[in-house]
file upload_32.tsv (TSV, C-alpha atoms and all ligand atoms)
chain	number	residue	atom	x	y	z
A	664	VAL	CA	-93.17	-38.67	-38.36
A	665	GLY	CA	-90.32	-36.14	-38.24
A	666	GLY	CA	-89.63	-36.25	-41.99
A	667	VAL	CA	-90.22	-33.53	-44.54
A	668	VAL	CA	-91.55	-34.51	-47.95
A	669	VAL	CA	-89.04	-33.49	-50.61
A	670	THR	CA	-90.36	-32.91	-54.11
A	671	GLY	CA	-88.47	-34.37	-57.05
A	672	ARG	CA	-87.37	-30.91	-58.12
A	673	GLU	CA	-85.81	-30.07	-54.74
A	674	ALA	CA	-84.06	-33.43	-54.55
A	675	ASP	CA	-82.63	-32.97	-58.04
A	676	SER	CA	-81.34	-29.47	-57.31
A	677	ARG	CA	-78.97	-30.78	-54.64
A	678	PRO	CA	-75.64	-31.51	-56.38
A	679	ALA	CA	-74.92	-35.22	-56.08
A	680	LEU	CA	-71.24	-34.60	-55.31
A	681	GLU	CA	-72.16	-32.92	-52.03
A	682	LEU	CA	-73.41	-36.26	-50.81
A	683	ALA	CA	-69.88	-37.67	-50.94
A	684	ARG	CA	-67.21	-37.48	-48.26
A	685	ALA	CA	-65.27	-34.21	-48.60
A	686	ALA	CA	-61.93	-35.99	-49.04
A	687	TYR	CA	-63.28	-37.84	-52.09
A	688	ARG	CA	-64.15	-34.73	-54.08
A	689	GLU	CA	-60.61	-34.20	-55.39
A	690	LEU	CA	-60.03	-37.94	-55.94
A	691	SER	CA	-60.26	-39.47	-59.42
A	692	LEU	CA	-60.67	-43.16	-60.11
A	693	TYR	CA	-57.34	-45.00	-60.39
A	694	ASP	CA	-56.42	-45.38	-64.06
A	695	PRO	CA	-53.17	-47.24	-64.76
A	696	LYS	CA	-54.07	-47.47	-68.50
A	697	LEU	CA	-53.94	-51.24	-68.69
A	698	ALA	CA	-55.46	-51.87	-72.15
A	699	PRO	CA	-54.77	-55.41	-73.42
A	700	CYS	CA	-51.53	-55.81	-75.40
A	701	ARG	CA	-49.87	-58.79	-77.17
A	702	ILE	CA	-46.93	-58.85	-74.73
A	703	ASP	CA	-47.68	-57.20	-71.39
A	704	LEU	CA	-44.65	-56.23	-69.32
A	705	SER	CA	-46.44	-53.36	-67.58
A	706	ASP	CA	-47.73	-54.63	-64.22
A	707	ASN	CA	-45.03	-56.88	-62.66
A	708	THR	CA	-47.25	-59.96	-62.50
A	709	ASN	CA	-45.75	-63.44	-63.07
A	710	ARG	CA	-45.40	-63.81	-66.86
A	711	PHE	CA	-44.51	-67.53	-66.61
A	712	GLY	CA	-47.97	-68.80	-65.65
A	713	VAL	CA	-50.01	-70.16	-62.73
A	714	PRO	CA	-48.71	-72.33	-59.85
A	715	PRO	CA	-49.92	-75.85	-60.83
A	716	ALA	CA	-51.55	-76.59	-57.45
A	717	ALA	CA	-53.66	-73.40	-57.65
A	718	GLU	CA	-54.80	-74.25	-61.16
A	719	ARG	CA	-55.85	-77.75	-60.05
A	720	VAL	CA	-57.89	-76.43	-57.10
A	721	LEU	CA	-59.72	-73.94	-59.31
A	722	ARG	CA	-60.55	-76.63	-61.91
A	723	GLU	CA	-61.95	-78.96	-59.23
A	724	ALA	CA	-64.07	-76.25	-57.55
A	725	SER	CA	-67.26	-77.53	-55.89
A	726	SER	CA	-70.59	-75.67	-56.12
A	727	GLU	CA	-70.56	-75.29	-52.34
A	728	ALA	CA	-67.39	-73.19	-52.72
A	729	ILE	CA	-69.49	-70.77	-54.78
A	730	THR	CA	-72.88	-70.77	-53.04
A	731	ARG	CA	-71.64	-70.55	-49.43
A	732	TYR	CA	-69.79	-67.69	-47.74
A	733	PRO	CA	-66.02	-67.93	-47.41
A	734	SER	CA	-64.27	-68.30	-44.03
A	735	VAL	CA	-64.66	-65.18	-41.88
A	736	TYR	CA	-60.98	-64.23	-41.48
A	737	SER	CA	-59.30	-66.77	-43.82
A	738	GLY	CA	-58.06	-69.08	-41.06
A	739	SER	CA	-56.55	-71.81	-43.25
A	740	LEU	CA	-54.81	-69.22	-45.43
A	741	LYS	CA	-53.35	-67.60	-42.29
A	742	GLU	CA	-52.00	-71.01	-41.21
A	743	ALA	CA	-50.36	-71.61	-44.61
A	744	LEU	CA	-48.93	-68.07	-44.74
A	745	ALA	CA	-47.63	-68.33	-41.17
A	746	SER	CA	-45.66	-71.44	-42.04
A	747	TYR	CA	-44.32	-69.75	-45.22
A	748	ALA	CA	-43.40	-66.57	-43.33
A	749	GLY	CA	-41.96	-68.23	-40.23
A	750	VAL	CA	-44.39	-66.57	-37.78
A	751	SER	CA	-47.54	-67.79	-36.02
A	752	ALA	CA	-51.05	-67.54	-37.51
A	753	ASN	CA	-52.21	-64.89	-35.01
A	754	GLN	CA	-49.40	-62.66	-36.33
A	755	ILE	CA	-50.89	-62.73	-39.87
A	756	VAL	CA	-53.75	-60.77	-41.43
A	757	THR	CA	-54.92	-61.33	-45.01
A	758	GLY	CA	-56.88	-59.16	-47.42
A	759	CYS	CA	-58.21	-58.62	-50.92
A	760	GLY	CA	-54.73	-57.98	-52.32
A	761	SER	CA	-52.02	-56.29	-50.27
A	762	ASP	CA	-53.54	-53.00	-51.45
A	763	ASP	CA	-56.47	-53.84	-49.16
A	764	VAL	CA	-54.14	-54.78	-46.29
A	765	ILE	CA	-52.20	-51.49	-46.64
A	766	ASP	CA	-55.44	-49.48	-46.83
A	767	SER	CA	-56.86	-51.32	-43.79
A	768	ALA	CA	-53.65	-50.76	-41.80
A	769	ILE	CA	-53.65	-47.05	-42.63
A	770	ARG	CA	-57.30	-46.78	-41.54
A	771	ALA	CA	-56.69	-48.74	-38.34
A	772	PHE	CA	-53.87	-46.47	-37.13
A	773	THR	CA	-54.90	-42.94	-38.19
A	774	GLU	CA	-57.64	-40.38	-37.72
A	775	PRO	CA	-58.74	-38.20	-40.68
A	776	GLY	CA	-56.60	-35.05	-40.91
A	777	GLU	CA	-53.37	-36.77	-39.83
A	778	ARG	CA	-50.33	-37.29	-42.06
A	779	LEU	CA	-48.95	-40.28	-43.91
A	780	ALA	CA	-45.32	-39.95	-45.08
A	781	PHE	CA	-43.42	-42.01	-47.65
A	782	PRO	CA	-40.08	-41.82	-49.48
A	783	ALA	CA	-40.43	-40.60	-53.09
A	784	PRO	CA	-40.68	-41.93	-55.70
A	785	THR	CA	-42.63	-44.97	-54.52
A	786	PHE	CA	-45.78	-47.08	-55.07
A	787	ALA	CA	-48.31	-44.79	-56.81
A	788	MET	CA	-51.24	-46.16	-54.78
A	789	VAL	CA	-49.92	-44.83	-51.46
A	790	PRO	CA	-50.86	-41.12	-51.74
A	791	TYR	CA	-54.19	-42.37	-53.13
A	792	PHE	CA	-54.78	-44.56	-50.04
A	793	ALA	CA	-53.85	-41.58	-47.86
A	794	ARG	CA	-56.48	-39.37	-49.49
A	795	MET	CA	-59.09	-42.16	-49.43
A	796	ASN	CA	-58.68	-42.17	-45.64
A	797	GLY	CA	-58.81	-38.38	-45.28
A	798	LEU	CA	-55.06	-38.12	-44.59
A	799	MET	CA	-52.49	-35.67	-45.89
A	800	PRO	CA	-49.84	-37.49	-47.99
A	801	VAL	CA	-46.29	-36.17	-47.36
A	802	SER	CA	-43.60	-37.19	-49.84
A	803	VAL	CA	-39.96	-37.16	-48.66
A	804	PRO	CA	-37.35	-37.76	-51.42
A	805	TYR	CA	-34.83	-40.57	-50.92
A	806	ALA	CA	-31.35	-39.38	-49.84
A	807	ASP	CA	-28.64	-38.93	-52.52
A	808	ASP	CA	-27.15	-42.35	-51.76
A	809	GLY	CA	-30.54	-44.06	-52.23
A	810	SER	CA	-31.10	-44.65	-48.50
A	811	LEU	CA	-34.12	-43.32	-46.58
A	812	ASP	CA	-34.02	-39.67	-45.48
A	813	VAL	CA	-34.81	-40.74	-41.91
A	814	ASP	CA	-34.62	-37.17	-40.52
A	815	GLY	CA	-37.01	-35.93	-43.22
A	816	LEU	CA	-39.48	-38.76	-42.60
A	817	ILE	CA	-39.43	-38.20	-38.82
A	818	GLU	CA	-39.73	-34.41	-39.19
A	819	SER	CA	-42.87	-34.87	-41.33
A	820	GLU	CA	-44.67	-35.66	-38.04
A	821	ALA	CA	-46.62	-38.36	-39.83
A	822	ARG	CA	-48.63	-40.84	-37.81
A	823	VAL	CA	-47.88	-43.62	-40.31
A	824	ILE	CA	-44.75	-43.98	-42.47
A	825	TYR	CA	-44.90	-46.24	-45.54
A	826	VAL	CA	-41.71	-47.70	-47.05
A	827	CYS	CA	-41.56	-50.04	-50.05
A	828	GLU	CA	-38.44	-52.27	-49.99
A	829	PRO	CA	-37.30	-53.19	-52.59
A	830	ASN	CA	-39.02	-50.13	-54.04
A	831	ASN	CA	-41.54	-49.81	-56.86
A	832	PRO	CA	-41.00	-48.18	-59.40
A	833	THR	CA	-37.20	-47.89	-59.00
A	834	GLY	CA	-36.44	-51.57	-58.26
A	835	THR	CA	-33.72	-50.45	-55.83
A	836	ARG	CA	-33.17	-50.95	-52.09
A	837	ALA	CA	-32.82	-48.26	-49.39
A	838	GLY	CA	-30.88	-50.81	-47.32
A	839	ARG	CA	-31.38	-52.47	-43.98
A	840	ALA	CA	-29.47	-49.81	-41.98
A	841	SER	CA	-31.75	-46.88	-42.83
A	842	ILE	CA	-34.89	-48.97	-42.27
A	843	GLU	CA	-33.59	-50.06	-38.84
A	844	ALA	CA	-32.84	-46.37	-38.08
A	845	LEU	CA	-36.39	-45.38	-39.03
A	846	LEU	CA	-37.88	-48.18	-36.89
A	847	ALA	CA	-35.80	-47.05	-33.93
A	848	ARG	CA	-36.91	-43.42	-34.19
A	849	HIS	CA	-40.54	-43.37	-35.41
A	850	SER	CA	-43.09	-43.38	-32.59
A	851	GLY	CA	-46.00	-44.24	-34.92
A	852	LEU	CA	-46.63	-47.18	-37.24
A	853	VAL	CA	-44.25	-48.20	-40.03
A	854	ILE	CA	-45.77	-50.12	-42.94
A	855	LEU	CA	-43.01	-51.94	-44.81
A	856	ASP	CA	-44.25	-53.13	-48.22
A	857	GLU	CA	-42.25	-56.18	-49.33
A	858	ALA	CA	-44.27	-57.01	-52.47
A	859	TYR	CA	-41.03	-57.89	-54.30
A	860	ALA	CA	-38.98	-59.42	-51.48
A	861	GLU	CA	-39.00	-62.90	-53.07
A	862	PHE	CA	-36.78	-61.59	-55.87
A	863	ASP	CA	-33.87	-60.59	-53.63
A	864	GLY	CA	-33.34	-62.19	-50.22
A	865	ASP	CA	-35.86	-62.49	-47.42
A	866	GLY	CA	-36.56	-59.04	-45.91
A	867	PHE	CA	-38.14	-58.26	-42.53
A	868	LEU	CA	-41.17	-60.56	-42.74
A	869	ALA	CA	-40.17	-63.24	-40.21
A	870	ARG	CA	-38.92	-60.65	-37.71
A	871	ALA	CA	-41.88	-58.27	-38.03
A	872	PRO	CA	-43.59	-59.54	-34.82
A	873	LEU	CA	-40.45	-58.71	-32.81
A	874	HIS	CA	-40.91	-54.98	-33.49
A	875	SER	CA	-43.69	-53.22	-31.58
A	876	ARG	CA	-44.68	-50.74	-34.32
A	877	LEU	CA	-43.98	-52.57	-37.59
A	878	ILE	CA	-46.28	-54.24	-40.09
A	879	VAL	CA	-44.73	-55.98	-43.10
A	880	THR	CA	-47.02	-56.49	-46.10
A	881	ARG	CA	-46.59	-59.07	-48.86
A	882	THR	CA	-48.66	-60.28	-51.79
A	883	LEU	CA	-49.39	-63.41	-53.82
A	884	SER	CA	-49.81	-61.19	-56.92
A	885	LYS	CA	-46.16	-61.08	-57.99
A	886	ALA	CA	-43.83	-64.08	-57.43
A	887	PHE	CA	-46.81	-66.41	-56.75
A	888	GLY	CA	-48.63	-65.52	-59.98
A	889	LEU	CA	-52.09	-65.11	-58.39
A	890	ALA	CA	-52.87	-61.41	-59.04
A	891	GLY	CA	-56.36	-62.18	-60.34
A	892	LEU	CA	-57.30	-63.95	-57.09
A	893	ARG	CA	-56.48	-60.81	-55.05
A	894	ILE	CA	-54.59	-62.12	-52.02
A	895	GLY	CA	-52.31	-60.04	-49.84
A	896	TYR	CA	-51.19	-60.37	-46.25
A	897	ALA	CA	-49.23	-58.73	-43.47
A	898	ALA	CA	-47.18	-59.97	-40.53
A	899	GLY	CA	-46.59	-58.07	-37.31
A	900	PRO	CA	-47.12	-58.23	-33.54
A	901	GLU	CA	-50.47	-59.82	-32.66
A	902	THR	CA	-51.79	-56.65	-31.00
A	903	LEU	CA	-51.32	-54.59	-34.18
A	904	ILE	CA	-52.49	-57.37	-36.48
A	905	ARG	CA	-55.79	-57.62	-34.55
A	906	GLU	CA	-56.48	-53.94	-35.20
A	907	VAL	CA	-55.78	-54.33	-38.93
A	908	GLU	CA	-58.13	-57.31	-38.97
A	909	LYS	CA	-60.93	-55.21	-37.43
A	910	SER	CA	-60.36	-52.57	-40.08
A	911	ARG	CA	-60.24	-55.19	-42.86
A	912	GLY	CA	-63.55	-56.71	-41.81
A	913	PRO	CA	-64.96	-60.24	-42.30
A	914	PHE	CA	-65.36	-62.31	-45.51
A	915	LYS	CA	-62.75	-60.40	-47.55
A	916	VAL	CA	-61.02	-63.31	-49.31
A	917	GLY	CA	-63.20	-65.52	-51.54
A	918	THR	CA	-63.38	-69.30	-50.93
A	919	LEU	CA	-61.73	-70.30	-54.23
A	920	ALA	CA	-59.01	-67.68	-53.83
A	921	GLU	CA	-58.28	-68.93	-50.31
A	922	ARG	CA	-58.16	-72.60	-51.36
A	923	ALA	CA	-56.00	-71.94	-54.44
A	924	ALA	CA	-53.59	-69.82	-52.41
A	925	VAL	CA	-53.29	-72.45	-49.67
A	926	ALA	CA	-52.56	-75.13	-52.30
A	927	ALA	CA	-49.91	-72.95	-53.96
A	928	LEU	CA	-48.26	-72.15	-50.61
A	929	ILE	CA	-48.11	-75.81	-49.59
A	930	GLU	CA	-47.52	-77.63	-52.90
A	931	SER	CA	-46.09	-75.16	-55.45
A	932	ARG	CA	-43.22	-73.54	-53.57
A	933	ASP	CA	-40.68	-75.23	-55.85
A	934	TRP	CA	-42.55	-73.88	-58.91
A	935	VAL	CA	-42.44	-70.37	-57.43
A	936	ARG	CA	-38.74	-70.69	-56.50
A	937	ALA	CA	-37.80	-71.95	-59.97
A	938	HIS	CA	-39.50	-69.01	-61.68
A	939	VAL	CA	-38.02	-66.50	-59.26
A	940	GLU	CA	-34.59	-67.90	-60.21
A	941	GLN	CA	-35.46	-67.57	-63.89
A	942	VAL	CA	-36.52	-63.92	-63.35
A	943	VAL	CA	-33.22	-63.20	-61.59
A	944	ARG	CA	-31.24	-64.73	-64.51
A	945	ASN	CA	-33.31	-62.92	-67.16
A	946	ARG	CA	-33.05	-59.65	-65.22
A	947	ALA	CA	-29.23	-59.76	-65.36
A	948	ARG	CA	-29.32	-60.72	-69.05
A	949	PHE	CA	-31.82	-57.95	-69.89
A	950	ILE	CA	-29.80	-55.29	-68.04
A	951	ALA	CA	-26.63	-56.48	-69.80
A	952	ALA	CA	-28.38	-56.25	-73.19
A	953	LEU	CA	-29.62	-52.68	-72.56
A	954	GLY	CA	-26.13	-51.16	-72.18
A	955	PRO	CA	-25.03	-51.66	-75.81
A	956	LEU	CA	-28.34	-50.10	-76.95
A	957	GLY	CA	-27.39	-46.89	-75.12
A	958	PHE	CA	-29.65	-47.33	-72.05
A	959	SER	CA	-28.54	-47.03	-68.41
A	960	PRO	CA	-31.04	-49.07	-66.37
A	961	LEU	CA	-31.11	-48.84	-62.56
A	962	PRO	CA	-29.92	-51.92	-60.65
A	963	SER	CA	-32.89	-54.09	-59.66
A	964	ALA	CA	-33.79	-56.26	-56.65
A	965	THR	CA	-37.25	-56.98	-58.11
A	966	ASN	CA	-38.95	-58.62	-61.12
A	967	PHE	CA	-38.80	-55.37	-63.11
A	968	VAL	CA	-36.19	-52.92	-64.34
A	969	LEU	CA	-36.46	-49.12	-64.46
A	970	VAL	CA	-34.91	-47.63	-67.60
A	971	PRO	CA	-34.47	-43.84	-67.84
A	972	VAL	CA	-35.46	-42.53	-71.31
A	973	ALA	CA	-35.87	-39.05	-72.84
A	974	ASN	CA	-39.66	-39.21	-73.29
A	975	ALA	CA	-41.37	-42.00	-71.35
A	976	THR	CA	-44.98	-41.37	-72.39
A	977	GLU	CA	-44.23	-41.27	-76.14
A	978	SER	CA	-41.79	-44.19	-75.94
A	979	ALA	CA	-44.28	-46.41	-74.11
A	980	ALA	CA	-47.02	-45.47	-76.60
A	981	ALA	CA	-44.76	-46.36	-79.56
A	982	MET	CA	-43.83	-49.70	-77.99
A	983	ARG	CA	-47.48	-50.46	-77.25
A	984	ARG	CA	-48.39	-49.84	-80.90
A	985	ALA	CA	-45.69	-52.39	-81.76
A	986	GLY	CA	-47.25	-54.94	-79.37
A	987	VAL	CA	-45.22	-54.58	-76.15
A	988	ALA	CA	-46.74	-52.86	-73.09
A	989	VAL	CA	-44.39	-51.27	-70.55
A	990	ARG	CA	-45.23	-48.69	-67.89
A	991	ALA	CA	-44.27	-45.03	-68.43
A	992	PHE	CA	-43.14	-42.94	-65.44
A	993	PRO	CA	-42.73	-39.34	-66.57
A	994	GLY	CA	-40.81	-36.91	-64.33
A	995	LEU	CA	-39.67	-39.11	-61.43
A	996	PRO	CA	-37.78	-37.14	-58.74
A	997	ARG	CA	-33.98	-37.34	-59.34
A	998	ILE	CA	-34.49	-39.78	-62.26
A	999	GLY	CA	-36.64	-37.95	-64.78
A	1000	ASP	CA	-38.61	-39.91	-67.38
A	1001	ALA	CA	-38.33	-43.70	-67.21
A	1002	LEU	CA	-39.92	-46.95	-68.38
A	1003	ARG	CA	-40.66	-49.74	-65.91
A	1004	ILE	CA	-40.34	-53.12	-67.59
A	1005	THR	CA	-41.47	-56.42	-66.03
A	1006	ILE	CA	-39.04	-59.35	-66.41
A	1007	GLY	CA	-40.66	-62.39	-68.00
A	1008	PRO	CA	-39.61	-65.37	-70.17
A	1009	TRP	CA	-36.58	-64.54	-72.33
A	1010	GLU	CA	-38.55	-64.57	-75.63
A	1011	MET	CA	-40.69	-61.70	-74.26
A	1012	MET	CA	-37.58	-59.79	-73.20
A	1013	GLN	CA	-36.02	-60.23	-76.65
A	1014	GLU	CA	-39.16	-58.87	-78.28
A	1015	CYS	CA	-39.11	-55.97	-75.79
A	1016	LEU	CA	-35.46	-55.18	-76.64
A	1017	ALA	CA	-36.27	-55.18	-80.37
A	1018	ARG	CA	-39.21	-52.82	-79.89
A	1019	MET	CA	-37.14	-50.53	-77.63
A	1020	ARG	CA	-34.41	-50.36	-80.27
A	1021	GLU	CA	-36.95	-49.27	-82.92
A	1022	ALA	CA	-39.00	-46.96	-80.71
A	1023	ILE	CA	-36.30	-45.19	-78.71
A	1024	ALA	CA	-32.61	-45.94	-79.24
B	1101	LIG	C1	-47.97	-54.99	-56.95
B	1101	LIG	C2	-47.73	-54.29	-55.68
B	1101	LIG	C3	-48.49	-54.60	-54.56
B	1101	LIG	C4	-49.46	-55.74	-54.59
B	1101	LIG	O1	-50.73	-55.38	-54.75
B	1101	LIG	P1	-51.87	-56.49	-54.58
B	1101	LIG	O2	-53.00	-55.64	-54.13
B	1101	LIG	O3	-51.44	-57.49	-53.56
B	1101	LIG	O4	-52.06	-57.10	-55.91
B	1101	LIG	C5	-48.23	-53.96	-53.38
B	1101	LIG	N1	-47.24	-53.05	-53.29
B	1101	LIG	C6	-46.48	-52.77	-54.35
B	1101	LIG	C7	-45.35	-51.82	-54.19
B	1101	LIG	C8	-46.71	-53.36	-55.57
B	1101	LIG	O5	-45.95	-53.05	-56.62
call {"tool": "encode", "arguments": {"input": "upload_32.tsv", "output": "structure tokens", "more": "lines below"}}
Ligand SMILES: *Cc1c(COP(=O)(O)O)cnc(C)c1O
result
Amino acid sequence: VGGVVVTGREADSRPALELARAAYRELSLYDPKLAPCRIDLSDNTNRFGVPPAAERVLREASSEAITRYPSVYSGSLKEALASYAGVSANQIVTGCGSDDVIDSAIRAFTEPGERLAFPAPTFAMVPYFARMNGLMPVSVPYADDGSLDVDGLIESEARVIYVCEPNNPTGTRAGRASIEALLARHSGLVILDEAYAEFDGDGFLARAPLHSRLIVTRTLSKAFGLAGLRIGYAAGPETLIREVEKSRGPFKVGTLAERAAVAALIESRDWVRAHVEQVVRNRARFIAALGPLGFSPLPSATNFVLVPVANATESAAAMRRAGVAVRAFPGLPRIGDALRITIGPWEMMQECLARMREAIA
């Protein structure tokens, strides 16, 4: 009735890009350059293997787990995570990786045009999530002593402040005191990303619901070895968690992913703990071995180590040609060029040391 017939020529003359949301025009697709490599120490996943209970569940999958829809909001996974985290199930939201939980939380608590602040350097996905949601990313360098620049973060007038603790890609901690100071002063939401908390103490997870404006995110992609299943979660006060859940939407975690994760959380905690302990031992051994080769790695509270080098991009390319993938970070604020190296079984770390010696030292 009210339509106008558009000829093919007219339709074609309208640039396709104009159809997209304005904020997306300057966005490129995320490209972490993850080509396969013989030994991959580039993405901080668990290099020791799969939790046995998760593997068993996936092998025994029924056809009904494939043909039917998954649970709407991952109820049984929330129960298992709540018992792991020491909170109640209505204080937990899950998602397709913690990336999805962070993105959903940002969307739930901002309007396009507002600001999202974060200490720099930090998780590379965060400014990307900000732009995806039409927000202005504001980076605030860490203070000289490695703590948060709380004044700088507050003065950014951001609606949401993101902090990664321990931090990726540095592996270091800002410390409890500056995080408490930020929580006390920020009137908007704080997203505390604890993707690596298992590798150094217990973090804020269990106490997240006691704060009125805090959401703590975690993942099963790192210590739990389930990155391919894409499971992340957050804990916080029920009122905030409900809003994130609306933003996340229904049916986000697949049936097999949910079942495998529940099995791992209930039956494979000892497996996870044992490999975390092995990472912590290998981390100390790897850092100790780097000194005599002339490297000065940063201290690490995670399952990776950041090693400053003269030319990160070329060094990582040379190591990759020799069969070891590490992640290059050129030009980090206050640090300069550096390589981020995941800690795995000791044989992989020995091979990495040998390739570093040839490629860089
Ligand atoms: C790996 C990582 C995540 C986890 O991402 P998933 O989407 O859960 O796989 C989140 N935050 C940081 C800082 C990470 O390094």
call {"tool": "residues_near_ligand", "arguments": {"input": "upload_32.tsv", "ligand": "ligand LIG 1101 (chain B)", "cutoff": "6 Å", "atoms": "only C-alpha atoms and all ligand atoms", "output": "list in words"}}
result
Gly760, Ser761, Asp762, Phe786, Cys827, Asn831, Asp856, Ala858, Thr882, Ser884, Ala890, Arg893, Ile894 and Gly895 of chain A
call {"tool": "write_last_selection", "arguments": {"input": "upload_32.tsv", "atoms": "C-alpha atoms", "output": "PDB file, in the frame of the given file"}}
result
ATOM      1  CA  GLY A 760     -54.730 -57.980 -52.320  1.00  0.00           C
ATOM      2  CA  SER A 761     -52.020 -56.290 -50.270  1.00  0.00           C
ATOM      3  CA  ASP A 762     -53.540 -53.000 -51.450  1.00  0.00           C
ATOM      4  CA  PHE A 786     -45.780 -47.080 -55.070  1.00  0.00           C
ATOM      5  CA  CYS A 827     -41.560 -50.040 -50.050  1.00  0.00           C
ATOM      6  CA  ASN A 831     -41.540 -49.810 -56.860  1.00  0.00           C
ATOM      7  CA  ASP A 856     -44.250 -53.130 -48.220  1.00  0.00           C
ATOM      8  CA  ALA A 858     -44.270 -57.010 -52.470  1.00  0.00           C
ATOM      9  CA  THR A 882     -48.660 -60.280 -51.790  1.00  0.00           C
ATOM     10  CA  SER A 884     -49.810 -61.190 -56.920  1.00  0.00           C
ATOM     11  CA  ALA A 890     -52.870 -61.410 -59.040  1.00  0.00           C
ATOM     12  CA  ARG A 893     -56.480 -60.810 -55.050  1.00  0.00           C
ATOM     13  CA  ILE A 894     -54.590 -62.120 -52.020  1.00  0.00           C
ATOM     14  CA  GLY A 895     -52.310 -60.040 -49.840  1.00  0.00           C
TER      15      GLY A 895
END
call {"tool": "closest_residue", "arguments": {"input": "upload_32.tsv", "among": "A:Ala837, A:Val764, A:Leu721, A:Ile854", "to": "Lys909 (chain A)", "atoms": "only C-alpha atoms"}}
result
A:Val764
call {"tool": "closest_residue", "arguments": {"input": "upload_32.tsv", "among": "A:Val879, A:Leu928, A:Leu995, A:Ala844", "to": "Glu828 (chain A)", "atoms": "all atoms listed in the file"}}
result
A:Val879
call {"tool": "closest_residue", "arguments": {"input": "upload_32.tsv", "among": "A:Ala717, A:Ala1022, A:Ala1001, A:Val801", "to": "Ala985 (chain A)", "atoms": "all atoms listed in the file"}}
result
A:Ala1022
call {"tool": "closest_residue", "arguments": {"input": "upload_32.tsv", "among": "A:Ala860, A:Ala975, A:Ala920, A:Ala886", "to": "Asp933 (chain A)", "atoms": "all atoms listed in the file"}}
result
A:Ala886
call {"tool": "atom_distance", "arguments": {"input": "upload_32.tsv", "atom1": "CA of Tyr687 (chain A)", "atom2": "CA of Pro800 (chain A)"}}
result
14.1 Å
call {"tool": "residues_around", "arguments": {"input": "upload_32.tsv", "residues": "region 942-950 of chain A", "least_positions_apart": "3", "cutoff": "9 Å", "atoms": "only C-alpha atoms", "output": "MDAnalysis selection string"}}
result
chainID A and resid 862:863 937:939 953:954 958:968 1006:1009 1012:1013 1016
call {"tool": "residues_around", "arguments": {"input": "upload_32.tsv", "residues": "Ser705 (chain A)", "least_positions_apart": "2", "cutoff": "9 Å", "atoms": "only C-alpha atoms", "output": "PyMOL selection string"}}
result
chain A and resi 697+703+707-708+987-991+1003-1005
call {"tool": "write_last_selection", "arguments": {"input": "upload_32.tsv", "atoms": "C-alpha atoms", "output": "PDB file, in the frame of the given file"}}
result
ATOM      1  CA  LEU A 697     -53.940 -51.240 -68.690  1.00  0.00           C
ATOM      2  CA  ASP A 703     -47.680 -57.200 -71.390  1.00  0.00           C
ATOM      3  CA  ASN A 707     -45.030 -56.880 -62.660  1.00  0.00           C
ATOM      4  CA  THR A 708     -47.250 -59.960 -62.500  1.00  0.00           C
ATOM      5  CA  VAL A 987     -45.220 -54.580 -76.150  1.00  0.00           C
ATOM      6  CA  ALA A 988     -46.740 -52.860 -73.090  1.00  0.00           C
ATOM      7  CA  VAL A 989     -44.390 -51.270 -70.550  1.00  0.00           C
ATOM      8  CA  ARG A 990     -45.230 -48.690 -67.890  1.00  0.00           C
ATOM      9  CA  ALA A 991     -44.270 -45.030 -68.430  1.00  0.00           C
ATOM     10  CA  ARG A1003     -40.660 -49.740 -65.910  1.00  0.00           C
ATOM     11  CA  ILE A1004     -40.340 -53.120 -67.590  1.00  0.00           C
ATOM     12  CA  THR A1005     -41.470 -56.420 -66.030  1.00  0.00           C
TER      13      THR A1005
END
call {"tool": "axis_aligned_box", "arguments": {"input": "upload_32.tsv", "around": "region 803-820 of chain A", "padding_each_side": "6 Å", "output": "JSON"}}
result
{"center_x": -35.9, "center_y": -39.5, "center_z": -45.3, "size_x": 29.5, "size_y": 22.2, "size_z": 26.5}
call {"tool": "atom_distance", "arguments": {"input": "upload_32.tsv", "atom1": "CA of Ala806 (chain A)", "atom2": "CA of Arg870 (chain A)"}}
result
25.6 Å
call {"tool": "atom_distance", "arguments": {"input": "upload_32.tsv", "atom1": "CA of Gly738 (chain A)", "atom2": "CA of Arg922 (chain A)"}}
result
10.9 Å
call {"tool": "closest_residue", "arguments": {"input": "upload_32.tsv", "among": "A:Thr730, A:Gln754, A:Ser725, A:Ser850", "to": "Ala821 (chain A)", "atoms": "all atoms listed in the file"}}
result
A:Ser850
call {"tool": "residues_around", "arguments": {"input": "upload_32.tsv", "residues": "region 899-901 of chain A", "least_positions_apart": "4", "cutoff": "10 Å", "atoms": "only C-alpha atoms", "output": "ChimeraX atom specification"}}
result
/A:750-756,854,867-880,905-907
call {"tool": "closest_residue", "arguments": {"input": "upload_32.tsv", "among": "A:Leu919, A:Thr902, A:Ser802, A:Asp1000", "to": "Ser726 (chain A)", "atoms": "all atoms listed in the file"}}
result
A:Leu919
call {"tool": "residues_near_point", "arguments": {"input": "upload_32.tsv", "point": "(-36.7, -39.2, -59.5)", "cutoff": "10 Å", "atoms": "only C-alpha atoms", "output": "count of residues only"}}
result
18
call {"tool": "residues_around", "arguments": {"input": "upload_32.tsv", "residues": "Ala686 (chain A)", "least_positions_apart": "3", "cutoff": "10 Å", "atoms": "only C-alpha atoms", "output": "PyMOL selection string"}}
result
chain A and resi 683+689-690+775-776+793-799
